[in-house]
Amino acid sequence: MRRDVFQAIADPVRREIIELLSEEPMNLNAIAEQFDISRPAISRHIKILNECGLVVIEQKGRERFCIIKPDTLSEIANWIDPFRELWEQRLDAFEAYLEQIQPKTKSKDNE
């Protein structure tokens, strides 16, 4: 079953796991040590991240390592980019508006 990526990143624990894995691949125990929740709960979070394609799990000997898949994250970034551009334009317009009205405010303060 392929899960929705946005459902996966909606959870703060899963976002934190992604952050950890962006630095280096980690085994399940190392990830679990970073949180105050049970190892089975971490395993469920990892399973969801795996099902939506954000993380792959590789068996190395007796350990299972979680590795981030940056190509899936770039899909999310590509989806978000148009919205980022829109908000930057709106903030730029708001900043320009504030600069227009600011001299009027200063001149009233000097009176």
# chains A, B, ... in the order shown; residues from 1 in each chain; ligands from 1
>>> residues_around(residues="Pro70 (chain A)", least_positions_apart="6", cutoff="9 Å", atoms="only C-alpha atoms", output="list in words")
Ser22, Leu54 and Val55 of chain A
>>> residues_around(residues="region 56-58 of chain A", least_positions_apart="5", cutoff="8 Å", atoms="only C-alpha atoms", output="PDB file with N, CA and C atoms, in the first residue's frame")
ATOM      1  N   ASN A  50       8.214   4.482   5.135  1.00  0.00           N
ATOM      2  CA  ASN A  50       8.617   3.539   4.096  1.00  0.00           C
ATOM      3  C   ASN A  50       7.511   3.345   3.067  1.00  0.00           C
ATOM      4  N   ARG A  64      18.688  -3.499  10.620  1.00  0.00           N
ATOM      5  CA  ARG A  64      17.931  -2.835   9.554  1.00  0.00           C
ATOM      6  C   ARG A  64      18.210  -1.341   9.638  1.00  0.00           C
ATOM      7  N   PHE A  65      18.714  -0.775   8.546  1.00  0.00           N
ATOM      8  CA  PHE A  65      19.040   0.641   8.497  1.00  0.00           C
ATOM      9  C   PHE A  65      17.998   1.401   7.686  1.00  0.00           C
ATOM     10  N   CYS A  66      17.643   2.567   8.187  1.00  0.00           N
ATOM     11  CA  CYS A  66      16.692   3.441   7.510  1.00  0.00           C
ATOM     12  C   CYS A  66      17.488   4.507   6.764  1.00  0.00           C
ATOM     13  N   ILE A  67      17.140   4.668   5.503  1.00  0.00           N
ATOM     14  CA  ILE A  67      17.844   5.613   4.643  1.00  0.00           C
ATOM     15  C   ILE A  67      16.810   6.532   3.993  1.00  0.00           C
ATOM     16  N   ILE A  68      17.083   7.825   4.056  1.00  0.00           N
ATOM     17  CA  ILE A  68      16.167   8.810   3.483  1.00  0.00           C
ATOM     18  C   ILE A  68      16.229   8.741   1.956  1.00  0.00           C
ATOM     19  N   LYS A  69      15.078   8.990   1.323  1.00  0.00           N
ATOM     20  CA  LYS A  69      15.024   9.049  -0.146  1.00  0.00           C
ATOM     21  C   LYS A  69      14.765  10.494  -0.550  1.00  0.00           C
TER      22      LYS A  69
END
>>> select_by_dssp(residues="chain A", states="strand (DSSP E or B)", output="list in words")
Met26, Asn27, Val55, Val56, Ile57, Glu58, Gln59, Lys60, Glu63, Arg64, Phe65, Cys66, Ile67 and Ile68 of chain A
>>> write_last_selection(atoms="N, CA and C atoms", output="PDB file, in the first residue's frame")
ATOM      1  N   MET A  26      20.381   5.450   9.818  1.00  0.00           N
ATOM      2  CA  MET A  26      20.397   4.984  11.209  1.00  0.00           C
ATOM      3  C   MET A  26      19.630   3.683  11.312  1.00  0.00           C
ATOM      4  N   ASN A  27      20.016   2.854  12.293  1.00  0.00           N
ATOM      5  CA  ASN A  27      19.221   1.652  12.537  1.00  0.00           C
ATOM      6  C   ASN A  27      18.047   2.008  13.439  1.00  0.00           C
ATOM      7  N   VAL A  55      11.412   6.811   3.029  1.00  0.00           N
ATOM      8  CA  VAL A  55      12.511   6.075   3.660  1.00  0.00           C
ATOM      9  C   VAL A  55      12.554   4.678   3.068  1.00  0.00           C
ATOM     10  N   VAL A  56      13.774   4.172   2.853  1.00  0.00           N
ATOM     11  CA  VAL A  56      13.943   2.765   2.495  1.00  0.00           C
ATOM     12  C   VAL A  56      14.634   2.081   3.660  1.00  0.00           C
ATOM     13  N   ILE A  57      14.360   0.806   3.818  1.00  0.00           N
ATOM     14  CA  ILE A  57      14.965   0.035   4.898  1.00  0.00           C
ATOM     15  C   ILE A  57      15.861  -1.016   4.251  1.00  0.00           C
ATOM     16  N   GLU A  58      17.133  -0.983   4.632  1.00  0.00           N
ATOM     17  CA  GLU A  58      18.089  -1.943   4.098  1.00  0.00           C
ATOM     18  C   GLU A  58      18.596  -2.831   5.224  1.00  0.00           C
ATOM     19  N   GLN A  59      18.596  -4.117   4.957  1.00  0.00           N
ATOM     20  CA  GLN A  59      19.116  -5.084   5.914  1.00  0.00           C
ATOM     21  C   GLN A  59      20.633  -5.154   5.733  1.00  0.00           C
ATOM     22  N   LYS A  60      21.392  -4.922   6.799  1.00  0.00           N
ATOM     23  CA  LYS A  60      22.849  -5.059   6.784  1.00  0.00           C
ATOM     24  C   LYS A  60      23.219  -5.960   7.947  1.00  0.00           C
ATOM     25  N   GLU A  63      21.100  -6.065  11.333  1.00  0.00           N
ATOM     26  CA  GLU A  63      20.444  -4.783  11.593  1.00  0.00           C
ATOM     27  C   GLU A  63      19.724  -4.263  10.362  1.00  0.00           C
ATOM     28  N   ARG A  64      18.688  -3.499  10.620  1.00  0.00           N
ATOM     29  CA  ARG A  64      17.931  -2.835   9.554  1.00  0.00           C
ATOM     30  C   ARG A  64      18.210  -1.341   9.638  1.00  0.00           C
ATOM     31  N   PHE A  65      18.714  -0.775   8.546  1.00  0.00           N
ATOM     32  CA  PHE A  65      19.040   0.641   8.497  1.00  0.00           C
ATOM     33  C   PHE A  65      17.998   1.401   7.686  1.00  0.00           C
ATOM     34  N   CYS A  66      17.643   2.567   8.187  1.00  0.00           N
ATOM     35  CA  CYS A  66      16.692   3.441   7.510  1.00  0.00           C
ATOM     36  C   CYS A  66      17.488   4.507   6.764  1.00  0.00           C
ATOM     37  N   ILE A  67      17.140   4.668   5.503  1.00  0.00           N
ATOM     38  CA  ILE A  67      17.844   5.613   4.643  1.00  0.00           C
ATOM     39  C   ILE A  67      16.810   6.532   3.993  1.00  0.00           C
ATOM     40  N   ILE A  68      17.083   7.825   4.056  1.00  0.00           N
ATOM     41  CA  ILE A  68      16.167   8.810   3.483  1.00  0.00           C
ATOM     42  C   ILE A  68      16.229   8.741   1.956  1.00  0.00           C
TER      43      ILE A  68
END
>>> residues_around(residues="Asp4 (chain A)", least_positions_apart="2", cutoff="9 Å", atoms="only C-alpha atoms", output="PyMOL selection string")
chain A and resi 2+6-8+51-52
>>> closest_residue(among="A:Ile17, A:Ile31, A:Leu91, A:Leu98", to="Leu49 (chain A)", atoms="only C-alpha atoms")
A:Ile17
>>> select_by_dssp(residues="region 9-109 of chain A", states="alpha helix (DSSP H)", output="MDAnalysis selection string")
chainID A and resid 9 12:23 28:32 39:51 70:109
